[in-house]
There are 4 protein chains.
Amino acid sequence: MNAAPNIAGIFPALTTPYHEDGSIAPEQFKANIARYNQTGLAGYVVLGSTGESVLLTAAEGEALLAAAKEAAAPEKLLIAGTGAESTAETIARTKKAAAAGFQVALVKTPYYYKPAYKAEAFIRHYRTVADASPIPVLLYSVPIFTGISLEADEIVTLSEHPNIVGIKDSSGVIQRVGEVTARAEKSFSVLTGGAGVVFPALAAGARGAILALASALPEKCVDLYEHWRNGRFAQAQELQQRLALASRTIVTEGGIAGLKYAMDTRGLSGGAPRLPLLPLAEARKRPIAEMVARLEPAAACA
Amino acid sequence: MNAAPNIAGIFPALTTPYHEDGSIAPEQFKANIARYNQTGLAGYVVLGSTGESVLLTAAEGEALLAAAKEAAAPEKLLIAGTGAESTAETIARTKKAAAAGFQVALVKTPYYYKPAYKAEAFIRHYRTVADASPIPVLLYSVPIFTGISLEADEIVTLSEHPNIVGIKDSSGVIQRVGEVTARAEKSFSVLTGGAGVVFPALAAGARGAILALASALPEKCVDLYEHWRNGRFAQAQELQQRLALASRTIVTEGGIAGLKYAMDTRGLSGGAPRLPLLPLAEARKRPIAEMVARLEPAAACA
Amino acid sequence: MNAAPNIAGIFPALTTPYHEDGSIAPEQFKANIARYNQTGLAGYVVLGSTGESVLLTAAEGEALLAAAKEAAAPEKLLIAGTGAESTAETIARTKKAAAAGFQVALVKTPYYYKPAYKAEAFIRHYRTVADASPIPVLLYSVPIFTGISLEADEIVTLSEHPNIVGIKDSSGVIQRVGEVTARAEKSFSVLTGGAGVVFPALAAGARGAILALASALPEKCVDLYEHWRNGRFAQAQELQQRLALASRTIVTEGGIAGLKYAMDTRGLSGGAPRLPLLPLAEARKRPIAEMVARLEPAAACA
Amino acid sequence: MNAAPNIAGIFPALTTPYHEDGSIAPEQFKANIARYNQTGLAGYVVLGSTGESVLLTAAEGEALLAAAKEAAAPEKLLIAGTGAESTAETIARTKKAAAAGFQVALVKTPYYYKPAYKAEAFIRHYRTVADASPIPVLLYSVPIFTGISLEADEIVTLSEHPNIVGIKDSSGVIQRVGEVTARAEKSFSVLTGGAGVVFPALAAGARGAILALASALPEKCVDLYEHWRNGRFAQAQELQQRLALASRTIVTEGGIAGLKYAMDTRGLSGGAPRLPLLPLAEARKRPIAEMVARLEPAAACA
């Protein structure tokens, strides 16, 4: 196992662009990353929920990992989403990500057999994955999609594993950030997944965030983090409130289609998502474009 | 498209047996089917939730379809679980199932991007699948696992598609059975997924059931259906109550591991499930064995 | 304690009519009961959820109990809703209902301090109430309003108390009807609260139903029960499906305001509910009126 | 209507002490307040959820309002819980609280008829109450008890009413704090109800907190607020994490019984709650006492 990387700062959950025929577009994906390389983003998350990973084939996922590795500036930390329903498949994907040059595996909870997935099952699953993984593991709790929330006791127990280095907690439950930070291993990183609560989560003890919104508005998300790091709390509060409104319009209401449209308005390659996700409804376009323009008046169509 | 088959009666959701090394055991799977061929089961569901389909590789799934086709008696209707998160992958799997000789595709709802999956997304998804499918499609709503429940309006709308022939509704919401039966196309079959509510569901208008419990107790499940069909309501009520208690102990509390253990006690090939599902806790074994023995006193270890 | 009454058949959950100035209208309430006395209803439930009991003062509640006692035909069983959040207040109300001549107390679960209300709290609450009550107690589980569902184990334990004689289970979970009937004391009556599942609940083992819909359509609800009792299952299924659709339009979508409007269309005293319940939206009136007319073509404005 | 008071800082949700015979103990209640008068608490909330208001009679509630008015130091803001299910009863209670000298009414959402309570019903309810109230109204959203969460759009709309001055939001959803602060009238105060998220909520834009935990640990809760106000963020984060753990052990796991026991260990009058709330289980006492001693080593039994 490698020495655990310092997982802190703002990471975008990268989207997946497609060609008109529906096939993935790695060259557009790389162009997006080239743009992001010029920002203060701490690294990239590939094959996360925002990347439509559950709608991709295995070959497509591997192609995107390779493309990200090629395009990413060397100082950017590379995090791959590798969680599958079965423990064995999760390990297989994690090994492939490591082989592709990724430094951290982001492993979402299994979530299909909910009534059977008690704490014991999650602990066994994550330990088995972490034992087998060549790279450090980040837990990933995203109840809005999975219906499963990792609880503080489970997270603290798993934090003791030397190859489990943190968690992306997208629940929005900020109390848990404080409880976990207070109880877990000191090196354990809590990252929030909610652009509407970055500053509160940092206040509670988080070290950073993995954000869908950072694919469209990376600079502003990084600004917020820097405000916090440099003790500019009034500015942090003010920017956070604006990002909370932006996140609601673009991500909560727009979904992946809305986020991709926000990217389009900024000259990044967004496009439509894959079925069964529907293209963005026309009526949602203007509010999203206006929200982006309000936050990035000069940067549109850069 | 073929003429729609008459989808009625009791179907077991087949389990997947594994070898000691964790690989699938198609020969045990076929031996189970050979036993089931001698009962009044109407057919078989392969690669359903109970079959751990979400824990299998694509190759394993195809091997099990081929094995079932080989082993099943010709009068048994063959239903394959083919639902994937993406519409395209669902179509691909459905075509493979048809090519393997399956007669019906059981398509569970997509369920990851819950906030984005409104009625419009489900209707588009199912219509796209049904348009492309060489075999009739059964909708599958299983909120206990997916967190998604198809509502009556959506089901009724989809019932108008000529290649959508019914639904397996595992919600336990019996009111919906009556509403859908009253409003949907006359040929549309509602099947319940709950062994504890077969008789109430039939009373409400269902035509049959797809049951995990029928993998362990096929004869009793068929008896219940026959009581209903022949107007023996007092016996139906009495047997239903016993099966409700059995289903709670074996399936609700035991999960797939409990169901497989119940099969083991009857000389069928059950075994342990795959990780992250845990093996059955020792303390659960005796109540399950006793429940089976109470329902099938003579049949144990047949 | 009295000998337990035979609690079976169809009971309407009576609505509360108001004068134009917002005060209760006991004389209209009695006129409704006079109409119901001519049907096959088994008795009346006063001060239930449908009666807006949580919106009435103590004095108003007592006035309605007195009015019902005066108006009800002697053979009709009188059931009073007496559940309050505190155990002591529940006992006080139950004693008043007994003193007013009511024969059974319908006691809904406490529901405010949800995280604290484990099985032990419910069992202690109900035993304390039943010990102190001069009349038999019916448990009442109505999760749609309370967020609390009594589970089978709790119900079965409570069924052993000599003064707890049954349950009104409005959860719609029909599996529980069978489990409870199979496990509880033989004299214990399960009543369903859902007009959409009366026949399935009877099939599962229920003895009757307490229905909001029976305040508007008492004859049809009684017909359904009689079909079941006399073995006319095809007719029961057909009528149940019609009542399921009626219940959705009138009660599920219309709420108490919709139910009261349905009563108005039949010449009963419905009227508007009390704030914060809003009057029925105009757009909902026609579908409700049509639904009533379809079920009771000749009886409108009787 | 009065000029809106400045609602900021830490308010304890006061508990209700009882005599051994179960009657309320206003003299103990006043003694608790006399202790609290010597702290930096901004005022007191009487008849909130923590005060077991739903378990008290009307006369008991009025006695506690009078006792609080007598005991409270003049600079402490007096807030009365006055929310009832019916709009009319809520107004009646609010007028009584104003007559008793209370300065603000804390009005929880109605919550029984959940399916009927859409945004329109909440807005009509709160406007009707605020129109009639002689004192300013604080909205109160407490989904853990009511199952109802006021959404940002509703809150923002209601913030425009001149007699609605803020909200106690106990949902723990910190994103909403930021959204509401950004969108509502500038004078509108958001207070959090969660001791585990005071600092994150303040970071998001809240002005204070109404806390059960502040009945047991008022000094520490005030310290946290003062750390924030004076820009001591590292200390705020550290103390917040300790209070998050304390809140979990004492309030989340212990409930009102646990909170009262924590008060007992500090020489305040706690005692047992009223049925159906059960007395604190013996096994929970030691962890609570230890948690208090860790936070207030010198202050125990003051």
# chains A, B, ... in the order shown; residues from 1 in each chain; ligands from 1
$ select_by_dssp --residues "range 151-187 of chain D" --states "alpha helix (DSSP H)" --output "list in words"
Ala152, Asp153, Glu154, Ile155, Val156, Thr157, Leu158, Ser159, Ile174, Gln175, Arg176, Val177, Gly178, Glu179, Val180, Thr181, Ala182 and Arg183 of chain D
$ write_last_selection --atoms "C-alpha atoms" --output "mmCIF file, in the first residue's frame"
data_model
loop_
_atom_site.group_PDB
_atom_site.id
_atom_site.type_symbol
_atom_site.label_atom_id
_atom_site.label_comp_id
_atom_site.auth_asym_id
_atom_site.auth_seq_id
_atom_site.Cartn_x
_atom_site.Cartn_y
_atom_site.Cartn_z
ATOM 1 C CA ALA D 152 -37.320 26.849 1.471
ATOM 2 C CA ASP D 153 -39.981 28.229 -0.880
ATOM 3 C CA GLU D 154 -42.641 28.134 1.820
ATOM 4 C CA ILE D 155 -40.366 29.725 4.404
ATOM 5 C CA VAL D 156 -39.311 32.494 2.049
ATOM 6 C CA THR D 157 -42.927 33.240 1.160
ATOM 7 C CA LEU D 158 -43.903 33.383 4.826
ATOM 8 C CA SER D 159 -40.911 35.580 5.675
ATOM 9 C CA ILE D 174 -28.010 22.951 6.831
ATOM 10 C CA GLN D 175 -28.291 23.681 3.126
ATOM 11 C CA ARG D 176 -31.733 25.150 3.802
ATOM 12 C CA VAL D 177 -30.264 27.583 6.336
ATOM 13 C CA GLY D 178 -28.132 29.119 3.635
ATOM 14 C CA GLU D 179 -30.836 29.154 1.015
ATOM 15 C CA VAL D 180 -33.375 30.748 3.328
ATOM 16 C CA THR D 181 -30.933 33.312 4.677
ATOM 17 C CA ALA D 182 -29.997 34.272 1.147
ATOM 18 C CA ARG D 183 -33.579 34.604 -0.050
#
$ interface_residues --of "chain A" --to "chain B" --cutoff "9 Å" --atoms "only C-alpha atoms" --output "ChimeraX atom specification"
/A:49,54-57,84-89,110-117,120-122,124-125,144-147,252-256,274-278
$ write_last_selection --atoms "N, CA, C and O atoms" --output "compact mmCIF listing (two decimals), in the first residue's frame"
# COMPACT_ATOMS: atom_id res chain seq x y z
N SER A 49 -20.98 9.09 -9.49
CA SER A 49 -22.41 9.13 -9.84
C SER A 49 -22.66 10.16 -10.94
O SER A 49 -23.43 9.91 -11.87
N VAL A 54 -22.97 4.22 -13.65
CA VAL A 54 -23.86 3.06 -13.69
C VAL A 54 -24.51 2.85 -15.05
O VAL A 54 -25.18 1.85 -15.27
N LEU A 55 -24.31 3.80 -15.95
CA LEU A 55 -24.87 3.67 -17.30
C LEU A 55 -23.80 3.32 -18.34
O LEU A 55 -24.10 3.23 -19.53
N LEU A 56 -22.58 3.11 -17.88
CA LEU A 56 -21.47 2.84 -18.81
C LEU A 56 -21.13 1.35 -18.82
O LEU A 56 -21.29 0.66 -17.81
N THR A 57 -20.61 0.89 -19.94
CA THR A 57 -20.08 -0.47 -19.98
C THR A 57 -18.69 -0.49 -19.33
O THR A 57 -18.06 0.56 -19.11
N ALA A 84 -18.99 -1.51 -6.93
CA ALA A 84 -20.00 -2.30 -7.62
C ALA A 84 -20.82 -3.00 -6.53
O ALA A 84 -20.49 -2.95 -5.35
N GLU A 85 -21.89 -3.65 -6.95
CA GLU A 85 -22.73 -4.31 -5.95
C GLU A 85 -22.00 -5.47 -5.28
O GLU A 85 -22.09 -5.66 -4.08
N SER A 86 -21.25 -6.24 -6.06
CA SER A 86 -20.57 -7.39 -5.45
C SER A 86 -19.18 -7.00 -4.99
O SER A 86 -18.51 -6.14 -5.58
N THR A 87 -18.76 -7.61 -3.93
CA THR A 87 -17.44 -7.35 -3.36
C THR A 87 -16.36 -7.72 -4.37
O THR A 87 -15.38 -6.97 -4.56
N ALA A 88 -16.51 -8.84 -5.02
CA ALA A 88 -15.49 -9.30 -5.96
C ALA A 88 -15.35 -8.34 -7.13
O ALA A 88 -14.23 -8.00 -7.56
N GLU A 89 -16.46 -7.90 -7.67
CA GLU A 89 -16.41 -6.97 -8.79
C GLU A 89 -15.81 -5.63 -8.36
O GLU A 89 -15.08 -4.98 -9.13
N PRO A 110 -22.56 -0.92 -1.34
CA PRO A 110 -23.54 -1.75 -2.05
C PRO A 110 -24.93 -1.29 -1.60
O PRO A 110 -25.07 -0.72 -0.50
N TYR A 111 -25.95 -1.52 -2.42
CA TYR A 111 -27.24 -0.92 -2.05
C TYR A 111 -28.47 -1.67 -2.52
O TYR A 111 -29.59 -1.21 -2.30
N TYR A 112 -28.30 -2.80 -3.16
CA TYR A 112 -29.51 -3.46 -3.66
C TYR A 112 -30.26 -4.21 -2.55
O TYR A 112 -31.44 -3.99 -2.34
N TYR A 113 -29.55 -5.07 -1.84
CA TYR A 113 -30.23 -5.91 -0.84
C TYR A 113 -30.31 -5.17 0.50
O TYR A 113 -29.77 -5.61 1.51
N LYS A 114 -31.02 -4.04 0.48
CA LYS A 114 -31.05 -3.16 1.65
C LYS A 114 -31.40 -3.87 2.94
O LYS A 114 -30.76 -3.63 3.97
N PRO A 115 -32.44 -4.71 2.94
CA PRO A 115 -32.80 -5.29 4.25
C PRO A 115 -31.68 -6.18 4.81
O PRO A 115 -31.60 -6.37 6.02
N ALA A 116 -30.81 -6.69 3.96
CA ALA A 116 -29.73 -7.57 4.42
C ALA A 116 -28.46 -6.80 4.74
O ALA A 116 -27.55 -7.36 5.35
N TYR A 117 -28.38 -5.58 4.33
CA TYR A 117 -27.13 -4.84 4.50
C TYR A 117 -27.12 -4.10 5.84
O TYR A 117 -27.42 -2.91 5.92
N GLU A 120 -22.70 -4.96 9.85
CA GLU A 120 -21.74 -6.06 9.69
C GLU A 120 -21.40 -6.31 8.22
O GLU A 120 -20.25 -6.60 7.88
N ALA A 121 -22.39 -6.22 7.37
CA ALA A 121 -22.15 -6.47 5.95
C ALA A 121 -21.29 -5.37 5.33
O ALA A 121 -20.38 -5.64 4.54
N PHE A 122 -21.55 -4.14 5.70
CA PHE A 122 -20.74 -3.04 5.15
C PHE A 122 -19.30 -3.14 5.63
O PHE A 122 -18.36 -2.90 4.88
N ARG A 124 -17.65 -5.81 6.62
CA ARG A 124 -16.99 -6.93 5.94
C ARG A 124 -16.65 -6.57 4.50
O ARG A 124 -15.56 -6.86 4.01
N HIS A 125 -17.59 -5.95 3.80
CA HIS A 125 -17.38 -5.57 2.41
C HIS A 125 -16.20 -4.62 2.28
O HIS A 125 -15.27 -4.86 1.50
N ILE A 144 -29.08 9.63 -1.36
CA ILE A 144 -30.08 10.11 -2.31
C ILE A 144 -30.21 9.18 -3.50
O ILE A 144 -31.27 9.03 -4.08
N PHE A 145 -29.14 8.49 -3.84
CA PHE A 145 -29.18 7.53 -4.95
C PHE A 145 -29.32 6.08 -4.46
O PHE A 145 -29.95 5.27 -5.12
N THR A 146 -28.69 5.77 -3.34
CA THR A 146 -28.62 4.37 -2.93
C THR A 146 -29.66 4.01 -1.88
O THR A 146 -29.93 2.83 -1.66
N GLY A 147 -30.20 5.00 -1.18
CA GLY A 147 -31.07 4.68 -0.05
C GLY A 147 -30.32 4.16 1.15
O GLY A 147 -30.94 3.71 2.12
N THR A 252 -29.65 20.13 -8.13
CA THR A 252 -30.79 19.47 -7.48
C THR A 252 -31.98 19.42 -8.43
O THR A 252 -32.61 18.37 -8.58
N GLU A 253 -32.29 20.54 -9.04
CA GLU A 253 -33.45 20.58 -9.93
C GLU A 253 -33.10 20.12 -11.34
O GLU A 253 -33.93 19.49 -12.00
N GLY A 254 -31.93 20.41 -11.79
CA GLY A 254 -31.56 20.07 -13.16
C GLY A 254 -31.00 18.66 -13.32
O GLY A 254 -31.05 18.09 -14.41
N GLY A 255 -30.45 18.11 -12.25
CA GLY A 255 -29.84 16.78 -12.34
C GLY A 255 -28.59 16.82 -13.20
O GLY A 255 -28.01 17.88 -13.47
N ILE A 256 -28.16 15.67 -13.64
CA ILE A 256 -26.96 15.59 -14.47
C ILE A 256 -27.17 16.37 -15.77
O ILE A 256 -26.26 17.05 -16.26
N ARG A 274 -27.31 9.90 -20.80
CA ARG A 274 -27.78 8.67 -21.44
C ARG A 274 -29.14 8.27 -20.87
O ARG A 274 -29.40 8.47 -19.70
N LEU A 275 -29.96 7.61 -21.67
CA LEU A 275 -31.22 7.05 -21.17
C LEU A 275 -30.92 5.98 -20.13
O LEU A 275 -29.94 5.24 -20.30
N PRO A 276 -31.72 5.89 -19.09
CA PRO A 276 -33.05 6.48 -18.92
C PRO A 276 -33.04 7.91 -18.40
O PRO A 276 -34.12 8.44 -18.17
N LEU A 277 -31.88 8.52 -18.22
CA LEU A 277 -31.87 9.96 -17.91
C LEU A 277 -32.34 10.71 -19.15
O LEU A 277 -31.87 10.44 -20.25
N LEU A 278 -33.22 11.65 -18.95
CA LEU A 278 -33.78 12.40 -20.07
C LEU A 278 -32.98 13.66 -20.32
O LEU A 278 -32.32 14.18 -19.42
$ select_by_dssp --residues "range 95-222 of chain D" --states "strand (DSSP E)" --output "count of residues only"
24
$ closest_atom_pairs --of "range 68-153 of chain B" --to "range 40-45 of chain B" --cutoff "8 Å" --atoms "only C-alpha atoms" --output "Markdown table"
| residue | atom | partner | partner_atom | distance |
| --- | --- | --- | --- | --- |
| B:Glu75 | CA | B:Gly43 | CA | 7.7 |
| B:Lys76 | CA | B:Gly43 | CA | 4.1 |
| B:Leu77 | CA | B:Gly43 | CA | 4.2 |
| B:Leu78 | CA | B:Tyr44 | CA | 5.3 |
| B:Ile79 | CA | B:Val45 | CA | 4.7 |
| B:Ala80 | CA | B:Val45 | CA | 5.7 |
| B:Gly81 | CA | B:Val45 | CA | 7.1 |
$ write_last_selection --atoms "all heavy atoms" --output "PDB file, in the first residue's frame"
ATOM      1  N   GLU B  75     -43.185 -27.369 -20.827  1.00  0.00           N
ATOM      2  CA  GLU B  75     -44.424 -26.625 -20.552  1.00  0.00           C
ATOM      3  C   GLU B  75     -44.212 -25.469 -19.580  1.00  0.00           C
ATOM      4  O   GLU B  75     -45.137 -24.686 -19.333  1.00  0.00           O
ATOM      5  CB  GLU B  75     -45.507 -27.568 -20.021  1.00  0.00           C
ATOM      6  CG  GLU B  75     -45.323 -28.013 -18.589  1.00  0.00           C
ATOM      7  CD  GLU B  75     -44.380 -29.201 -18.435  1.00  0.00           C
ATOM      8  OE1 GLU B  75     -43.682 -29.565 -19.422  1.00  0.00           O
ATOM      9  OE2 GLU B  75     -44.319 -29.770 -17.326  1.00  0.00           O
ATOM     10  N   LYS B  76     -43.030 -25.374 -19.038  1.00  0.00           N
ATOM     11  CA  LYS B  76     -42.778 -24.313 -18.062  1.00  0.00           C
ATOM     12  C   LYS B  76     -42.388 -23.016 -18.787  1.00  0.00           C
ATOM     13  O   LYS B  76     -41.494 -23.023 -19.640  1.00  0.00           O
ATOM     14  CB  LYS B  76     -41.641 -24.710 -17.112  1.00  0.00           C
ATOM     15  CG  LYS B  76     -41.835 -26.041 -16.399  1.00  0.00           C
ATOM     16  CD  LYS B  76     -43.018 -26.031 -15.426  1.00  0.00           C
ATOM     17  CE  LYS B  76     -43.047 -27.324 -14.607  1.00  0.00           C
ATOM     18  NZ  LYS B  76     -44.273 -27.428 -13.768  1.00  0.00           N
ATOM     19  N   LEU B  77     -43.042 -21.931 -18.408  1.00  0.00           N
ATOM     20  CA  LEU B  77     -42.742 -20.634 -19.019  1.00  0.00           C
ATOM     21  C   LEU B  77     -41.416 -20.108 -18.470  1.00  0.00           C
ATOM     22  O   LEU B  77     -41.189 -20.097 -17.265  1.00  0.00           O
ATOM     23  CB  LEU B  77     -43.873 -19.650 -18.688  1.00  0.00           C
ATOM     24  CG  LEU B  77     -43.846 -18.317 -19.436  1.00  0.00           C
ATOM     25  CD1 LEU B  77     -44.270 -18.509 -20.891  1.00  0.00           C
ATOM     26  CD2 LEU B  77     -44.780 -17.322 -18.750  1.00  0.00           C
ATOM     27  N   LEU B  78     -40.558 -19.639 -19.377  1.00  0.00           N
ATOM     28  CA  LEU B  78     -39.230 -19.166 -18.959  1.00  0.00           C
ATOM     29  C   LEU B  78     -39.167 -17.639 -18.986  1.00  0.00           C
ATOM     30  O   LEU B  78     -39.333 -17.014 -20.035  1.00  0.00           O
ATOM     31  CB  LEU B  78     -38.157 -19.754 -19.866  1.00  0.00           C
ATOM     32  CG  LEU B  78     -37.885 -21.244 -19.623  1.00  0.00           C
ATOM     33  CD1 LEU B  78     -36.892 -21.784 -20.652  1.00  0.00           C
ATOM     34  CD2 LEU B  78     -37.349 -21.487 -18.205  1.00  0.00           C
ATOM     35  N   ILE B  79     -38.903 -17.085 -17.822  1.00  0.00           N
ATOM     36  CA  ILE B  79     -38.856 -15.628 -17.642  1.00  0.00           C
ATOM     37  C   ILE B  79     -37.454 -15.244 -17.182  1.00  0.00           C
ATOM     38  O   ILE B  79     -36.945 -15.795 -16.208  1.00  0.00           O
ATOM     39  CB  ILE B  79     -39.897 -15.183 -16.587  1.00  0.00           C
ATOM     40  CG1 ILE B  79     -41.301 -15.649 -16.969  1.00  0.00           C
ATOM     41  CG2 ILE B  79     -39.849 -13.679 -16.382  1.00  0.00           C
ATOM     42  CD1 ILE B  79     -42.378 -15.354 -15.924  1.00  0.00           C
ATOM     43  N   ALA B  80     -36.850 -14.304 -17.887  1.00  0.00           N
ATOM     44  CA  ALA B  80     -35.489 -13.878 -17.535  1.00  0.00           C
ATOM     45  C   ALA B  80     -35.500 -12.457 -16.982  1.00  0.00           C
ATOM     46  O   ALA B  80     -36.106 -11.561 -17.578  1.00  0.00           O
ATOM     47  CB  ALA B  80     -34.595 -13.917 -18.772  1.00  0.00           C
ATOM     48  N   GLY B  81     -34.809 -12.239 -15.874  1.00  0.00           N
ATOM     49  CA  GLY B  81     -34.597 -10.880 -15.381  1.00  0.00           C
ATOM     50  C   GLY B  81     -33.559 -10.198 -16.257  1.00  0.00           C
ATOM     51  O   GLY B  81     -32.433 -10.682 -16.380  1.00  0.00           O
TER      52      GLY B  81
END
$ residues_around --residues "Thr94 in chain B" --least-positions-apart "2" --cutoff "8 Å" --atoms "only C-alpha atoms" --output "ChimeraX atom specification"
/B:80,82-83,90-92,96-98,105,133-135
$ write_last_selection --atoms "N, CA, C and O atoms" --output "PDB file, in the first residue's frame"
ATOM      1  N   ALA B  80     -36.850 -14.304 -17.887  1.00  0.00           N
ATOM      2  CA  ALA B  80     -35.489 -13.878 -17.535  1.00  0.00           C
ATOM      3  C   ALA B  80     -35.500 -12.457 -16.982  1.00  0.00           C
ATOM      4  O   ALA B  80     -36.106 -11.561 -17.578  1.00  0.00           O
ATOM      5  N   THR B  82     -33.935  -9.099 -16.895  1.00  0.00           N
ATOM      6  CA  THR B  82     -33.016  -8.442 -17.832  1.00  0.00           C
ATOM      7  C   THR B  82     -32.855  -6.946 -17.559  1.00  0.00           C
ATOM      8  O   THR B  82     -32.229  -6.240 -18.349  1.00  0.00           O
ATOM      9  N   GLY B  83     -33.403  -6.478 -16.455  1.00  0.00           N
ATOM     10  CA  GLY B  83     -33.338  -5.039 -16.183  1.00  0.00           C
ATOM     11  C   GLY B  83     -31.947  -4.599 -15.760  1.00  0.00           C
ATOM     12  O   GLY B  83     -31.353  -5.181 -14.857  1.00  0.00           O
ATOM     13  N   THR B  90     -30.244  -2.764 -20.898  1.00  0.00           N
ATOM     14  CA  THR B  90     -31.449  -3.562 -20.687  1.00  0.00           C
ATOM     15  C   THR B  90     -31.883  -4.222 -21.992  1.00  0.00           C
ATOM     16  O   THR B  90     -32.247  -5.405 -22.021  1.00  0.00           O
ATOM     17  N   ILE B  91     -31.835  -3.464 -23.051  1.00  0.00           N
ATOM     18  CA  ILE B  91     -32.201  -4.028 -24.357  1.00  0.00           C
ATOM     19  C   ILE B  91     -31.228  -5.129 -24.755  1.00  0.00           C
ATOM     20  O   ILE B  91     -31.643  -6.210 -25.219  1.00  0.00           O
ATOM     21  N   ALA B  92     -29.959  -4.900 -24.536  1.00  0.00           N
ATOM     22  CA  ALA B  92     -28.960  -5.919 -24.897  1.00  0.00           C
ATOM     23  C   ALA B  92     -29.206  -7.223 -24.144  1.00  0.00           C
ATOM     24  O   ALA B  92     -29.174  -8.317 -24.716  1.00  0.00           O
ATOM     25  N   LYS B  96     -30.420 -11.030 -25.536  1.00  0.00           N
ATOM     26  CA  LYS B  96     -29.691 -12.271 -25.218  1.00  0.00           C
ATOM     27  C   LYS B  96     -30.613 -13.302 -24.590  1.00  0.00           C
ATOM     28  O   LYS B  96     -30.511 -14.498 -24.863  1.00  0.00           O
ATOM     29  N   ALA B  97     -31.509 -12.838 -23.725  1.00  0.00           N
ATOM     30  CA  ALA B  97     -32.435 -13.778 -23.095  1.00  0.00           C
ATOM     31  C   ALA B  97     -33.355 -14.404 -24.138  1.00  0.00           C
ATOM     32  O   ALA B  97     -33.626 -15.614 -24.100  1.00  0.00           O
ATOM     33  N   ALA B  98     -33.816 -13.594 -25.070  1.00  0.00           N
ATOM     34  CA  ALA B  98     -34.685 -14.120 -26.127  1.00  0.00           C
ATOM     35  C   ALA B  98     -33.920 -15.147 -26.965  1.00  0.00           C
ATOM     36  O   ALA B  98     -34.435 -16.231 -27.276  1.00  0.00           O
ATOM     37  N   ALA B 105     -39.376 -11.257 -20.672  1.00  0.00           N
ATOM     38  CA  ALA B 105     -38.332 -10.498 -19.976  1.00  0.00           C
ATOM     39  C   ALA B 105     -38.944  -9.754 -18.790  1.00  0.00           C
ATOM     40  O   ALA B 105     -39.936  -9.043 -18.957  1.00  0.00           O
ATOM     41  N   SER B 133     -37.623  -5.126 -27.826  1.00  0.00           N
ATOM     42  CA  SER B 133     -37.535  -6.493 -27.306  1.00  0.00           C
ATOM     43  C   SER B 133     -38.220  -7.492 -28.227  1.00  0.00           C
ATOM     44  O   SER B 133     -39.354  -7.279 -28.643  1.00  0.00           O
ATOM     45  N   PRO B 134     -37.550  -8.610 -28.523  1.00  0.00           N
ATOM     46  CA  PRO B 134     -38.191  -9.658 -29.329  1.00  0.00           C
ATOM     47  C   PRO B 134     -39.213 -10.460 -28.538  1.00  0.00           C
ATOM     48  O   PRO B 134     -39.952 -11.253 -29.124  1.00  0.00           O
ATOM     49  N   ILE B 135     -39.241 -10.286 -27.215  1.00  0.00           N
ATOM     50  CA  ILE B 135     -40.174 -11.065 -26.380  1.00  0.00           C
ATOM     51  C   ILE B 135     -40.966 -10.107 -25.500  1.00  0.00           C
ATOM     52  O   ILE B 135     -40.548  -8.977 -25.255  1.00  0.00           O
TER      53      ILE B 135
END
$ residues_around --residues "His161 in chain B" --least-positions-apart "5" --cutoff "10 Å" --atoms "only C-alpha atoms" --output "count of residues only"
7
$ residues_around --residues "Gln28 in chain A" --least-positions-apart "4" --cutoff "10 Å" --atoms "only C-alpha atoms" --output "VMD selection string"
chain A and resid 16 to 19 24 32 to 34 67 268 to 270
$ residues_around --residues "Pro12 in chain D" --least-positions-apart "3" --cutoff "7 Å" --atoms "only C-alpha atoms" --output "count of residues only"
7
